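See structure below.
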Amino acid sequence: MEDTIPQEDIYILDTETATLGKGVMEIAWLRVNNELEVLDEFRTLVNPEMPVNPGAFGVHGISDDDVKDSPLTADVVKALNSKSLCVGHNINYDIRVLKDCWVPEDSFCTLALARAHIKGTTNHKLETLQRELNLPVQDSHSALGDVRTCRDVILHVMELTGYTFPELRLRSKVRKVIHTMPFGKWKGQPLLKIDKGYRSWLLEQSDIEPDLRYSLEKLKNI
């Protein structure tokens with residue numbers, strides 16, 4: 001496939017938040033080129049301007065005291081170019097929590113990439129992929145550790161498929177029909193057999209994968 005995508009700023013990015021979908025407490029990114037070579041990396045704690053939820057603290061271990069003197073999200077993301085590609089695991093979540101301060105021109109989801117190309121793992125969570133694919137060990141649920149693992153996942157898929165990153169990116173734009181549910185209590189079940197109300201609820205969510213949204217839209221009246 002011909003590489004028709006020009007080089008632009010590409011950020012592999014991750015956030016840790018104070019609660020589900022709100023209050024950035026940590027952000028990290030790698031700026032890379034189309035060959036996934038790291039041009040620079042950045043990580044900082046962020047003041048979320050809200051208390052951390054106990055459940056979120058249990059995941060990332062960042063406390064209110066840790067971030068009380070940290071910069072605000074709006075100040076941190078001034079370093080990011082809006083004419084850019086933002087890459088990450090379930091990247092729509094990170095874009096959603098940053099949208100009041102920064103919105104990239106395009107995005108690329110490594111969770112969708114892994115589900116499309118990596119078979120035989122227990123699931124497609126970053127820590128599972130790191131462990132079961134024998135990727136380099138990083139700190140899970142650390143923003144910088146997660147972006148490094150995202151890069152390793154892409155490199156793994158590139159080796160697995162023989163595609164370059166620009167080719168994987170172009171192929172990701174072609175919508176595919178998914179026949180079975182990729183996650184949750186309905187995982188592995190045919191979409192047609194899933195409760196219609198649940199399918200409708202999923203379509204209302206802003207961060208579901210494009211292929212799943214495309215497939216659910218096709219089943220809307222069935």
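Order determines the names: the first chain of the structure tokens is A, the second B, and so forth; residues in each chain are numbered 1 upward, and ligands are numbered 1 upward as they are shown.
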
Give me the residues near Gly88 (chain A) as a PyMOL selection string, where near means some atom within 7 Å (using only C-alpha atoms) and where sequence neighbours in that chain fewer than 4 positions away do not count. chain A and resi 12-14+108-110+147+150

Could you tell me, as a PyMOL selection string, which residues of region 65-138 of chain A DSSP assigns to alpha helix (DSSP H) when given the backbone?
chain A and resi 65-67+73-76+91-98+110-117+126-132

From the list A:Asp69, A:Glu127, A:Asp106, A:Asp152, the nearest residue to Val38 (chain A) using only C-alpha atoms is A:Asp152

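The shell of residues at most 10 Å from Ala116 (chain A), with only C-alpha atoms counted and near chain neighbours (fewer than 4 positions) removed, consists of Thr110, Leu111, Ala112, Val157, Ser172, Lys176, Ile178 and Asp211 of chain A.
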
Please produce a file of the residues just selected, as a compact mmCIF listing (two decimals), in the first residue's frame, where the atoms kept are N, CA and C atoms.
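As written to disk, out_34.txt reads:
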```txt
# COMPACT_ATOMS: atom_id res chain seq x y z
N THR A 110 -4.65 1.99 19.59
CA THR A 110 -3.90 0.74 19.64
C THR A 110 -4.73 -0.40 20.22
N LEU A 111 -5.81 -0.09 20.96
CA LEU A 111 -6.71 -1.15 21.43
C LEU A 111 -7.42 -1.78 20.23
N ALA A 112 -7.94 -0.94 19.33
CA ALA A 112 -8.59 -1.46 18.12
C ALA A 112 -7.57 -2.21 17.26
N VAL A 157 2.78 -5.44 16.05
CA VAL A 157 1.82 -5.64 14.94
C VAL A 157 2.51 -5.38 13.59
N SER A 172 -6.70 1.32 9.01
CA SER A 172 -7.63 1.53 10.13
C SER A 172 -8.79 2.43 9.75
N LYS A 176 -14.79 -1.98 9.22
CA LYS A 176 -15.03 -3.42 9.09
C LYS A 176 -16.21 -3.81 9.98
N ILE A 178 -17.93 -6.02 12.61
CA ILE A 178 -17.61 -6.94 13.70
C ILE A 178 -18.86 -7.78 13.97
N ASP A 211 -15.12 0.59 14.48
CA ASP A 211 -15.66 -0.62 13.83
C ASP A 211 -16.87 -1.16 14.58
```

In terms of only C-alpha atoms, the residue from A:Gln130, A:Thr161, A:Glu8, A:Gly197 at minimal distance from Pro104 (chain A) is A:Glu8

In region 70-217 of chain A, DSSP strand (DSSP E) residues written as a PyMOL selection string: chain A and resi 84-88+106-109

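The smallest atom-to-atom distance between Lys68 (chain A) and any of A:Pro51, A:Pro182, A:Gly188, A:Pro166, using only C-alpha atoms, is found for A:Pro51.
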
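For the atom pair formed by CA of Asp9 (chain A) and CA of Leu30 (chain A), the distance is 10.3 Å, given to one decimal.
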
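Candidate residues A:Ser215, A:Val174, A:Ser206, A:Ala18 were compared for distance to Pro54 (chain A), and the nearest is A:Ala18, using only C-alpha atoms.
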